[in-house]
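As stored in target.cif (mmCIF, C-alpha atoms and all ligand atoms):
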data_entry
loop_
_atom_site.group_PDB
_atom_site.id
_atom_site.type_symbol
_atom_site.label_atom_id
_atom_site.label_comp_id
_atom_site.auth_asym_id
_atom_site.auth_seq_id
_atom_site.Cartn_x
_atom_site.Cartn_y
_atom_site.Cartn_z
ATOM 1 C CA MET N 1 127.438 -119.092 -13.186
ATOM 2 C CA ARG N 2 125.334 -116.633 -11.228
ATOM 3 C CA VAL N 3 125.585 -117.257 -7.476
ATOM 4 C CA VAL N 4 122.831 -115.650 -5.424
ATOM 5 C CA VAL N 5 123.223 -115.782 -1.651
ATOM 6 C CA LEU N 6 120.115 -114.983 0.381
ATOM 7 C CA GLU N 7 119.369 -114.912 4.088
ATOM 8 C CA ASN N 8 117.183 -117.965 4.575
ATOM 9 C CA VAL N 9 115.078 -120.781 3.142
ATOM 10 C CA ASN N 10 112.078 -118.501 2.535
ATOM 11 C CA ASP N 11 114.101 -116.009 0.540
ATOM 12 C CA VAL N 12 115.536 -118.827 -1.594
ATOM 13 C CA ALA N 13 112.033 -120.197 -2.217
ATOM 14 C CA GLU N 14 110.649 -116.803 -3.185
ATOM 15 C CA PHE N 15 113.571 -115.992 -5.466
ATOM 16 C CA GLY N 16 113.324 -119.396 -7.174
ATOM 17 C CA ALA N 17 109.547 -119.172 -7.577
ATOM 18 C CA LYS N 18 109.898 -115.713 -9.123
ATOM 19 C CA GLN N 19 112.384 -117.057 -11.696
ATOM 20 C CA ILE N 20 109.901 -119.754 -12.663
ATOM 21 C CA ALA N 21 107.014 -117.267 -12.671
ATOM 22 C CA ASN N 22 108.995 -114.932 -14.956
ATOM 23 C CA GLN N 23 109.645 -117.801 -17.343
ATOM 24 C CA VAL N 24 105.952 -118.739 -17.412
ATOM 25 C CA MET N 25 104.833 -115.125 -17.812
ATOM 26 C CA LYS N 26 107.246 -114.729 -20.730
ATOM 27 C CA GLN N 27 105.967 -117.926 -22.344
ATOM 28 C CA SER N 28 102.843 -119.581 -20.952
ATOM 29 C CA SER N 29 103.638 -122.861 -22.719
ATOM 30 C CA SER N 30 107.112 -123.105 -21.170
ATOM 31 C CA VAL N 31 108.709 -126.490 -20.669
ATOM 32 C CA LEU N 32 109.806 -126.780 -17.050
ATOM 33 C CA GLY N 33 112.211 -129.352 -15.663
ATOM 34 C CA LEU N 34 111.224 -130.137 -12.085
ATOM 35 C CA ALA N 35 112.913 -131.706 -9.082
ATOM 36 C CA THR N 36 111.889 -133.556 -5.941
ATOM 37 C CA GLY N 37 113.447 -133.668 -2.469
ATOM 38 C CA SER N 38 112.813 -131.362 0.459
ATOM 39 C CA SER N 39 114.683 -128.373 -1.010
ATOM 40 C CA PRO N 40 112.052 -127.369 -3.605
ATOM 41 C CA LEU N 41 109.066 -127.744 -1.245
ATOM 42 C CA PRO N 42 108.948 -124.118 -0.019
ATOM 43 C CA LEU N 43 109.413 -122.975 -3.635
ATOM 44 C CA TYR N 44 106.485 -125.142 -4.760
ATOM 45 C CA GLN N 45 104.398 -123.628 -1.962
ATOM 46 C CA CYS N 46 105.220 -120.155 -3.362
ATOM 47 C CA LEU N 47 104.105 -121.300 -6.832
ATOM 48 C CA VAL N 48 100.854 -122.654 -5.364
ATOM 49 C CA ASP N 49 100.276 -119.272 -3.679
ATOM 50 C CA MET N 50 100.999 -117.437 -6.943
ATOM 51 C CA VAL N 51 98.478 -119.571 -8.815
ATOM 52 C CA GLU N 52 95.874 -119.139 -6.062
ATOM 53 C CA SER N 53 96.282 -115.364 -6.161
ATOM 54 C CA ASN N 54 96.080 -115.416 -9.995
ATOM 55 C CA THR N 55 99.591 -113.979 -10.287
ATOM 56 C CA ILE N 56 100.481 -116.799 -12.670
ATOM 57 C CA SER N 57 98.792 -119.705 -14.385
ATOM 58 C CA LEU N 58 100.491 -123.050 -15.049
ATOM 59 C CA ARG N 59 97.644 -124.215 -17.304
ATOM 60 C CA ASP N 60 99.762 -124.387 -20.453
ATOM 61 C CA VAL N 61 103.144 -125.483 -19.102
ATOM 62 C CA VAL N 62 104.666 -128.859 -19.861
ATOM 63 C CA THR N 63 106.819 -130.450 -17.169
ATOM 64 C CA PHE N 64 109.491 -133.136 -17.056
ATOM 65 C CA ASN N 65 110.749 -134.413 -13.738
ATOM 66 C CA LEU N 66 114.355 -135.398 -13.320
ATOM 67 C CA ASP N 67 113.908 -138.865 -11.930
ATOM 68 C CA GLU N 68 111.786 -141.661 -10.505
ATOM 69 C CA TYR N 69 112.482 -144.657 -8.290
ATOM 70 C CA LEU N 70 112.593 -147.946 -10.120
ATOM 71 C CA GLY N 71 110.057 -150.401 -8.736
ATOM 72 C CA LEU N 72 107.592 -147.917 -7.242
ATOM 73 C CA ALA N 73 104.121 -147.619 -8.768
ATOM 74 C CA PRO N 74 102.989 -144.053 -9.487
ATOM 75 C CA GLU N 75 100.428 -144.278 -6.683
ATOM 76 C CA HIS N 76 103.032 -145.375 -4.098
ATOM 77 C CA PRO N 77 103.228 -142.503 -1.564
ATOM 78 C CA GLN N 78 107.022 -142.279 -1.938
ATOM 79 C CA SER N 79 107.096 -142.325 -5.731
ATOM 80 C CA TYR N 80 108.171 -139.035 -7.227
ATOM 81 C CA ARG N 81 104.908 -139.016 -9.204
ATOM 82 C CA SER N 82 102.955 -138.989 -5.915
ATOM 83 C CA PHE N 83 105.302 -136.381 -4.500
ATOM 84 C CA MET N 84 104.742 -134.022 -7.431
ATOM 85 C CA ASN N 85 100.980 -134.582 -7.509
ATOM 86 C CA ARG N 86 100.747 -133.925 -3.778
ATOM 87 C CA HIS N 87 103.006 -130.878 -3.532
ATOM 88 C CA LEU N 88 102.437 -129.084 -6.825
ATOM 89 C CA PHE N 89 100.371 -130.587 -9.613
ATOM 90 C CA GLU N 90 97.098 -131.189 -7.755
ATOM 91 C CA ARG N 91 97.353 -127.848 -5.995
ATOM 92 C CA THR N 92 97.642 -125.730 -9.138
ATOM 93 C CA ASP N 93 95.876 -125.402 -12.475
ATOM 94 C CA ILE N 94 98.554 -127.474 -14.199
ATOM 95 C CA ASP N 95 97.184 -130.019 -16.689
ATOM 96 C CA LEU N 96 98.216 -133.446 -15.374
ATOM 97 C CA ALA N 97 98.321 -134.695 -18.969
ATOM 98 C CA ASN N 98 101.234 -132.314 -19.574
ATOM 99 C CA THR N 99 103.297 -133.599 -16.656
ATOM 100 C CA ASN N 100 105.971 -136.194 -17.346
ATOM 101 C CA ILE N 101 107.889 -138.380 -14.917
ATOM 102 C CA PRO N 102 110.033 -141.394 -15.876
ATOM 103 C CA ASN N 103 108.162 -144.682 -15.663
ATOM 104 C CA GLY N 104 109.380 -146.483 -12.545
ATOM 105 C CA LEU N 105 107.539 -149.660 -13.535
ATOM 106 C CA ALA N 106 108.789 -149.926 -17.115
ATOM 107 C CA ASP N 107 109.503 -153.519 -18.247
ATOM 108 C CA ASN N 108 111.941 -152.289 -20.831
ATOM 109 C CA THR N 109 113.818 -149.579 -18.968
ATOM 110 C CA GLU N 110 116.204 -148.884 -21.839
ATOM 111 C CA GLN N 111 113.278 -148.094 -24.122
ATOM 112 C CA ALA N 112 111.557 -146.049 -21.403
ATOM 113 C CA CYS N 113 114.698 -143.908 -21.033
ATOM 114 C CA LEU N 114 114.932 -143.397 -24.777
ATOM 115 C CA ASP N 115 111.228 -142.490 -24.939
ATOM 116 C CA TYR N 116 111.725 -139.942 -22.161
ATOM 117 C CA GLU N 117 114.576 -138.258 -24.012
ATOM 118 C CA GLN N 118 112.487 -138.175 -27.188
ATOM 119 C CA ALA N 119 109.490 -136.713 -25.372
ATOM 120 C CA ILE N 120 111.677 -133.850 -24.093
ATOM 121 C CA GLU N 121 112.962 -133.275 -27.598
ATOM 122 C CA ARG N 122 109.446 -133.321 -29.088
ATOM 123 C CA ALA N 123 108.362 -130.743 -26.502
ATOM 124 C CA GLY N 124 111.107 -128.466 -27.825
ATOM 125 C CA GLY N 125 113.591 -129.005 -24.969
ATOM 126 C CA ILE N 126 113.496 -127.715 -21.422
ATOM 127 C CA ASP N 127 113.311 -123.941 -20.976
ATOM 128 C CA LEU N 128 114.096 -123.867 -17.284
ATOM 129 C CA GLN N 129 115.419 -126.776 -15.249
ATOM 130 C CA LEU N 130 115.061 -126.665 -11.475
ATOM 131 C CA LEU N 131 117.640 -128.665 -9.512
ATOM 132 C CA GLY N 132 118.402 -129.532 -5.925
ATOM 133 C CA ILE N 133 121.759 -130.992 -4.957
ATOM 134 C CA GLY N 134 122.507 -134.147 -2.990
ATOM 135 C CA ASN N 135 124.863 -134.065 -0.004
ATOM 136 C CA ASN N 136 127.377 -135.817 -2.247
ATOM 137 C CA GLY N 137 126.955 -133.354 -5.126
ATOM 138 C CA HIS N 138 124.477 -135.405 -7.171
ATOM 139 C CA ILE N 139 121.924 -133.772 -9.451
ATOM 140 C CA GLY N 140 118.818 -135.770 -10.321
ATOM 141 C CA PHE N 141 120.121 -139.194 -9.336
ATOM 142 C CA ASN N 142 123.423 -138.725 -11.142
ATOM 143 C CA GLU N 143 125.698 -139.950 -8.414
ATOM 144 C CA PRO N 144 129.427 -139.158 -8.208
ATOM 145 C CA SER N 145 131.304 -140.896 -11.068
ATOM 146 C CA SER N 146 128.324 -140.452 -13.448
ATOM 147 C CA SER N 147 129.498 -139.519 -16.912
ATOM 148 C CA LEU N 148 129.251 -135.772 -17.372
ATOM 149 C CA ALA N 149 127.792 -136.546 -20.822
ATOM 150 C CA SER N 150 125.267 -139.143 -19.597
ATOM 151 C CA ARG N 151 121.709 -139.435 -20.906
ATOM 152 C CA THR N 152 118.524 -140.672 -19.225
ATOM 153 C CA ARG N 153 119.235 -144.139 -17.800
ATOM 154 C CA VAL N 154 119.020 -146.407 -14.771
ATOM 155 C CA LYS N 155 121.401 -145.491 -11.938
ATOM 156 C CA THR N 156 122.321 -147.355 -8.787
ATOM 157 C CA LEU N 157 121.970 -145.037 -5.814
ATOM 158 C CA SER N 158 124.944 -144.567 -3.520
ATOM 159 C CA LYS N 159 124.707 -145.788 0.078
ATOM 160 C CA GLU N 160 124.845 -142.166 1.173
ATOM 161 C CA THR N 161 121.843 -141.227 -0.979
ATOM 162 C CA VAL N 162 119.804 -144.240 0.148
ATOM 163 C CA GLU N 163 120.607 -143.261 3.739
ATOM 164 C CA ALA N 164 119.730 -139.589 3.156
ATOM 165 C CA ASN N 165 116.365 -140.516 1.622
ATOM 166 C CA ARG N 166 115.505 -143.157 4.240
ATOM 167 C CA ARG N 167 113.630 -140.507 6.207
ATOM 168 C CA PHE N 168 110.858 -140.522 3.603
ATOM 169 C CA PHE N 169 110.173 -144.271 4.009
ATOM 170 C CA LYS N 170 108.545 -146.103 6.921
ATOM 171 C CA ALA N 171 110.716 -148.483 8.974
ATOM 172 C CA GLY N 172 110.941 -151.815 7.155
ATOM 173 C CA GLU N 173 109.319 -150.444 3.999
ATOM 174 C CA PHE N 174 110.888 -151.360 0.631
ATOM 175 C CA GLN N 175 113.198 -148.547 -0.422
ATOM 176 C CA PRO N 176 114.466 -148.715 -4.000
ATOM 177 C CA HIS N 177 118.205 -148.603 -4.640
ATOM 178 C CA LEU N 178 117.738 -147.986 -8.340
ATOM 179 C CA ALA N 179 116.222 -145.070 -10.213
ATOM 180 C CA ILE N 180 115.683 -143.749 -13.708
ATOM 181 C CA THR N 181 117.279 -140.340 -13.972
ATOM 182 C CA MET N 182 117.802 -137.780 -16.670
ATOM 183 C CA GLY N 183 121.509 -137.764 -17.451
ATOM 184 C CA ILE N 184 123.927 -134.929 -16.849
ATOM 185 C CA GLY N 185 124.150 -134.366 -20.603
ATOM 186 C CA SER N 186 120.341 -134.239 -20.796
ATOM 187 C CA ILE N 187 120.156 -131.729 -17.931
ATOM 188 C CA MET N 188 122.818 -129.536 -19.528
ATOM 189 C CA GLU N 189 120.661 -129.131 -22.652
ATOM 190 C CA ALA N 190 118.126 -127.068 -20.693
ATOM 191 C CA LYS N 191 118.149 -123.459 -21.880
ATOM 192 C CA SER N 192 118.488 -122.238 -18.307
ATOM 193 C CA ILE N 193 119.177 -123.945 -14.996
ATOM 194 C CA LEU N 194 118.198 -122.936 -11.490
ATOM 195 C CA MET N 195 119.821 -124.876 -8.669
ATOM 196 C CA ILE N 196 118.747 -124.272 -5.087
ATOM 197 C CA ALA N 197 120.484 -125.440 -1.919
ATOM 198 C CA THR N 198 119.763 -124.640 1.695
ATOM 199 C CA GLY N 199 121.103 -125.712 5.055
ATOM 200 C CA GLU N 200 124.431 -126.790 6.500
ATOM 201 C CA ALA N 201 124.249 -130.341 5.139
ATOM 202 C CA LYS N 202 124.779 -128.894 1.642
ATOM 203 C CA THR N 203 127.789 -126.674 2.451
ATOM 204 C CA GLU N 204 130.460 -129.070 1.168
ATOM 205 C CA ALA N 205 128.562 -130.120 -1.954
ATOM 206 C CA VAL N 206 127.882 -126.466 -2.816
ATOM 207 C CA LYS N 207 131.542 -125.539 -2.346
ATOM 208 C CA ALA N 208 132.605 -128.377 -4.687
ATOM 209 C CA ALA N 209 129.920 -127.515 -7.240
ATOM 210 C CA VAL N 210 130.579 -123.772 -7.389
ATOM 211 C CA GLU N 211 134.299 -123.519 -6.733
ATOM 212 C CA GLY N 212 135.709 -127.012 -7.035
ATOM 213 C CA PRO N 213 137.281 -128.445 -10.164
ATOM 214 C CA LEU N 214 134.954 -129.654 -12.882
ATOM 215 C CA SER N 215 134.695 -133.322 -11.986
ATOM 216 C CA ALA N 216 132.429 -136.351 -12.145
ATOM 217 C CA SER N 217 133.182 -136.670 -8.418
ATOM 218 C CA CYS N 218 130.811 -133.745 -7.975
ATOM 219 C CA PRO N 219 128.214 -133.994 -10.770
ATOM 220 C CA ALA N 220 126.808 -130.528 -9.957
ATOM 221 C CA SER N 221 130.189 -128.983 -10.853
ATOM 222 C CA ILE N 222 129.151 -129.404 -14.524
ATOM 223 C CA LEU N 223 126.949 -126.333 -14.039
ATOM 224 C CA GLN N 224 130.138 -124.270 -14.314
ATOM 225 C CA MET N 225 129.967 -125.121 -18.032
ATOM 226 C CA HIS N 226 126.363 -123.975 -18.497
ATOM 227 C CA PRO N 227 125.934 -120.552 -20.111
ATOM 228 C CA ASN N 228 122.797 -119.730 -18.126
ATOM 229 C CA ALA N 229 122.949 -121.340 -14.689
ATOM 230 C CA THR N 230 121.889 -119.667 -11.448
ATOM 231 C CA VAL N 231 122.691 -121.154 -8.056
ATOM 232 C CA VAL N 232 120.543 -119.824 -5.213
ATOM 233 C CA LEU N 233 121.776 -120.454 -1.681
ATOM 234 C CA ASP N 234 120.908 -119.556 1.856
ATOM 235 C CA ARG N 235 123.658 -118.313 4.192
ATOM 236 C CA ALA N 236 124.244 -121.775 5.662
ATOM 237 C CA ALA N 237 124.725 -123.524 2.311
ATOM 238 C CA ALA N 238 126.992 -120.707 1.087
ATOM 239 C CA SER N 239 129.071 -120.464 4.248
ATOM 240 C CA GLN N 240 132.209 -122.240 2.943
ATOM 241 C CA LEU N 241 132.469 -120.411 -0.370
ATOM 242 C CA THR N 242 135.857 -118.733 -0.685
ATOM 243 C CA GLU N 243 134.481 -115.954 -2.900
ATOM 244 C CA LEU N 244 131.298 -115.444 -0.907
ATOM 245 C CA GLU N 245 131.782 -111.705 -0.498
ATOM 246 C CA TYR N 246 132.437 -111.287 -4.194
ATOM 247 C CA TYR N 247 129.196 -113.092 -5.143
ATOM 248 C CA VAL N 248 127.231 -110.882 -2.763
ATOM 249 C CA TYR N 249 128.929 -107.808 -4.212
ATOM 250 C CA ILE N 250 128.097 -108.856 -7.800
ATOM 251 C CA GLU N 251 124.404 -109.215 -6.902
ATOM 252 C CA HIS N 252 124.460 -105.884 -5.134
ATOM 253 C CA GLU N 253 125.863 -104.214 -8.263
ATOM 254 C CA ARG N 254 123.387 -106.086 -10.457
ATOM 255 C CA ASN N 255 120.459 -104.813 -8.382
ATOM 256 C CA ARG N 256 121.890 -101.293 -8.351
ATOM 257 C CA LEU N 257 122.173 -101.280 -12.160
ATOM 258 C CA ALA N 258 118.648 -102.696 -12.534
ATOM 259 C CA GLU N 259 117.266 -99.932 -10.298
ATOM 260 C CA ALA N 260 119.112 -97.279 -12.301
ATOM 261 C CA VAL N 261 117.477 -98.358 -15.572
HETATM 262 C C1 LIG M 1 117.190 -136.594 -4.127
HETATM 263 C C2 LIG M 1 116.775 -136.214 -5.567
HETATM 264 C C3 LIG M 1 117.496 -134.978 -6.027
HETATM 265 C C4 LIG M 1 117.525 -133.978 -4.905
HETATM 266 C C5 LIG M 1 118.431 -134.467 -3.814
HETATM 267 C C6 LIG M 1 118.450 -133.600 -2.559
HETATM 268 O O1 LIG M 1 117.679 -137.858 -3.964
HETATM 269 N N1 LIG M 1 116.925 -137.251 -6.534
HETATM 270 O O2 LIG M 1 116.844 -134.461 -7.180
HETATM 271 O O3 LIG M 1 118.026 -132.742 -5.344
HETATM 272 O O4 LIG M 1 118.202 -135.827 -3.519
HETATM 273 O O5 LIG M 1 117.330 -133.780 -1.784
HETATM 274 P P1 LIG M 1 116.921 -132.796 -0.599
HETATM 275 O O6 LIG M 1 116.459 -131.538 -1.246
HETATM 276 O O7 LIG M 1 115.828 -133.513 0.113
HETATM 277 O O8 LIG M 1 118.140 -132.592 0.225
#
Let me see whether you can do it: turn the structure in this file into structure tokens.
Amino acid sequence: MRVVVLENVNDVAEFGAKQIANQVMKQSSSVLGLATGSSPLPLYQCLVDMVESNTISLRDVVTFNLDEYLGLAPEHPQSYRSFMNRHLFERTDIDLANTNIPNGLADNTEQACLDYEQAIERAGGIDLQLLGIGNNGHIGFNEPSSSLASRTRVKTLSKETVEANRRFFKAGEFQPHLAITMGIGSIMEAKSILMIATGEAKTEAVKAAVEGPLSASCPASILQMHPNATVVLDRAAASQLTELEYYVYIEHERNRLAEAV
């Protein structure tokens, strides 16, 4: 696992956006796994800027989002489909027809989950999966105790997650407690993974994910098993890491070697 510790939210966003840009420049038809939440917003803004300045084009990419609330129509302002349209898709040259998000209104959810897995497979698998991390260590909506081998399915959100996401909903508005999420096993099949975390609220989850034991109690800890996972943190999120200095030193050496080439 590569652990990159940067000064602040902006640096994390720029670093993350560059990783995605590199992937797209290498292969314009890349399959990107995308995430919602507040963490990726500055990164998405960087991607929008890159498209506007013609640094990259997202015209040929195919995207799969991690999750969607069950019971919210795509046009509901808090659905993850609306979120992605608003913050990334409609602001870039991405082809909406190539963007995939689980169907939150599916009658047959089991079939919808299976279809989603098959669509990822048909697209050739995910080249780069972007992840945030929940305060409790969840990735996608794979809450603690999720099977580390799980596939796309319906999950019941933890009280903590419902509480953390309440800020996005108006007072009294229906807030789903169920979601369709790609499983941990599905996420782990991505060829590369980029997890970003910023701010003090993520300190404990990051510590458990990066240095804790591999455990379903912290779903993000599975990334320790991925051969090509990068975790990008700001100082606050990284502050409790025991080996913090070592991670910074590794990156320093990595940059020094890259400059020498
Ligand atoms: C949400 C999403 C996750 C996201 C996490 C953290 O519930 N399902 O994909 O990573 O919670 O969100 P935030 O970045 O807003 O802290």
Would you translate the PyMOL selection byres (((not hetatm)) within 6 of (chain M and resi 1)) into the concrete set of residues it matches in this file, as a PDB file with C-alpha atoms, keeping the file's coordinate frame?
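Result saved to selection.pdb:
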ATOM      1  CA  ALA N  35     112.913-131.706  -9.082  1.00  0.00           C
ATOM      2  CA  THR N  36     111.889-133.556  -5.941  1.00  0.00           C
ATOM      3  CA  GLY N  37     113.447-133.668  -2.469  1.00  0.00           C
ATOM      4  CA  SER N  38     112.813-131.362   0.459  1.00  0.00           C
ATOM      5  CA  SER N  39     114.683-128.373  -1.010  1.00  0.00           C
ATOM      6  CA  LEU N 131     117.640-128.665  -9.512  1.00  0.00           C
ATOM      7  CA  GLY N 132     118.402-129.532  -5.925  1.00  0.00           C
ATOM      8  CA  ILE N 133     121.759-130.992  -4.957  1.00  0.00           C
ATOM      9  CA  GLY N 134     122.507-134.147  -2.990  1.00  0.00           C
ATOM     10  CA  ILE N 139     121.924-133.772  -9.451  1.00  0.00           C
ATOM     11  CA  GLY N 140     118.818-135.770 -10.321  1.00  0.00           C
ATOM     12  CA  PHE N 141     120.121-139.194  -9.336  1.00  0.00           C
TER      13      PHE N 141
END
- [ ] For the structure shown, which residues end up in the PyMOL selection byres (((chain N and resi 51) around 12) and not hetatm)? Put them as a ChimeraX atom specification, please?
- [x] /N:17,21,24-25,44-50,52-59,88-94
Open item on the list: Just to confirm, what's the straight-line distance from atom CA of Thr181 of chain N to atom CA of Glu200 of chain N in Å (one decimal)?
Closed with: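 One can read the atom CA of Thr181 of chain N to atom CA of Glu200 of chain N distance as 25.6 Å.
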Can you list every residue of segment 156-256 of chain N that has an atom at most 12 Å from segment 107-123 of chain N, with its nearest atom pair and the distance in Å to one decimal, using all atoms listed in the file, ordered by chain then number, as a tab-separated table?
residue	atom	partner	partner_atom	distance
N:Leu178	CA	N:Thr109	CA	11.4
N:Ala179	CA	N:Thr109	CA	10.1
N:Ile180	CA	N:Cys113	CA	7.4
N:Thr181	CA	N:Cys113	CA	8.3
N:Met182	CA	N:Glu117	CA	8.0
N:Gly183	CA	N:Glu117	CA	9.6
N:Gly185	CA	N:Glu117	CA	10.9
N:Ser186	CA	N:Glu117	CA	7.7
N:Ile187	CA	N:Glu117	CA	10.5
N:Glu189	CA	N:Glu121	CA	10.0
N:Ala190	CA	N:Ile120	CA	10.0
Expected file: the selected residues, C-alpha atoms, as an mmCIF file, in the coordinates of the input:
data_model
loop_
_atom_site.group_PDB
_atom_site.id
_atom_site.type_symbol
_atom_site.label_atom_id
_atom_site.label_comp_id
_atom_site.auth_asym_id
_atom_site.auth_seq_id
_atom_site.Cartn_x
_atom_site.Cartn_y
_atom_site.Cartn_z
ATOM 1 C CA LEU N 178 117.738 -147.986 -8.340
ATOM 2 C CA ALA N 179 116.222 -145.070 -10.213
ATOM 3 C CA ILE N 180 115.683 -143.749 -13.708
ATOM 4 C CA THR N 181 117.279 -140.340 -13.972
ATOM 5 C CA MET N 182 117.802 -137.780 -16.670
ATOM 6 C CA GLY N 183 121.509 -137.764 -17.451
ATOM 7 C CA GLY N 185 124.150 -134.366 -20.603
ATOM 8 C CA SER N 186 120.341 -134.239 -20.796
ATOM 9 C CA ILE N 187 120.156 -131.729 -17.931
ATOM 10 C CA GLU N 189 120.661 -129.131 -22.652
ATOM 11 C CA ALA N 190 118.126 -127.068 -20.693
#
Open item on the list: Please expand the PyMOL selection byres (((chain N and resi 217-230) around 6) and not hetatm) into the concrete residues it hits in this file, giving the result as a PyMOL selection string.
Closed with: chain N and resi 1-3+137-139+144-145+192-194+209+214-216+231
Near Leu34 of chain N, counting all atoms listed in the file, which residues have an atom at most 7 Å away, once you skip same-chain residues fewer than 3 positions from it, shown as a compact mmCIF listing (two decimals) with C-alpha atoms, in the coordinates of the input?
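Wrote around-v6.txt, looks like this:
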# COMPACT_ATOMS: atom_id res chain seq x y z
CA THR N 63 106.82 -130.45 -17.17
CA PHE N 64 109.49 -133.14 -17.06
CA ASN N 65 110.75 -134.41 -13.74
CA LEU N 66 114.36 -135.40 -13.32
CA GLN N 129 115.42 -126.78 -15.25
CA LEU N 130 115.06 -126.66 -11.48
Task: Separation of atom CA of Ala238 of chain N from atom CA of Lys207 of chain N in Å - done: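 Calculated distance between atom CA of Lys207 of chain N and atom CA of Ala238 of chain N is 7.5 Å.
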Task: Separation of atom CA of Val162 of chain N from atom CA of Phe174 of chain N in Å - done: 11.4 Å
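Take the candidates N:Lys155, N:Lys191, N:Arg166, N:His252 and check each one against Ser30 of chain N using all atoms listed in the file; the shortest distance goes to N:Lys191.
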Task: Contact residues around Val9 of chain N with all atoms listed in the file at 10 Å, ignoring same-chain residues under 6 positions, as a PyMOL selection string - done: chain N and resi 15+39-40+42-43+196-199+233-236
- [ ] For each of N:Leu32, N:Ile20, N:Ala164, N:Val261, take the minimum atom-to-atom distance to Gly125 of chain N, counting only C-alpha atoms, then give the residue where this is smallest.
- [x]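 Among the listed residues, the smallest separation from Gly125 of chain N belongs to N:Leu32.
Counting all atoms listed in the file and comparing N:Ala237, N:Met84, N:Val12, N:Val154, the residue that lies closest to Asn100 of chain N is N:Met84.
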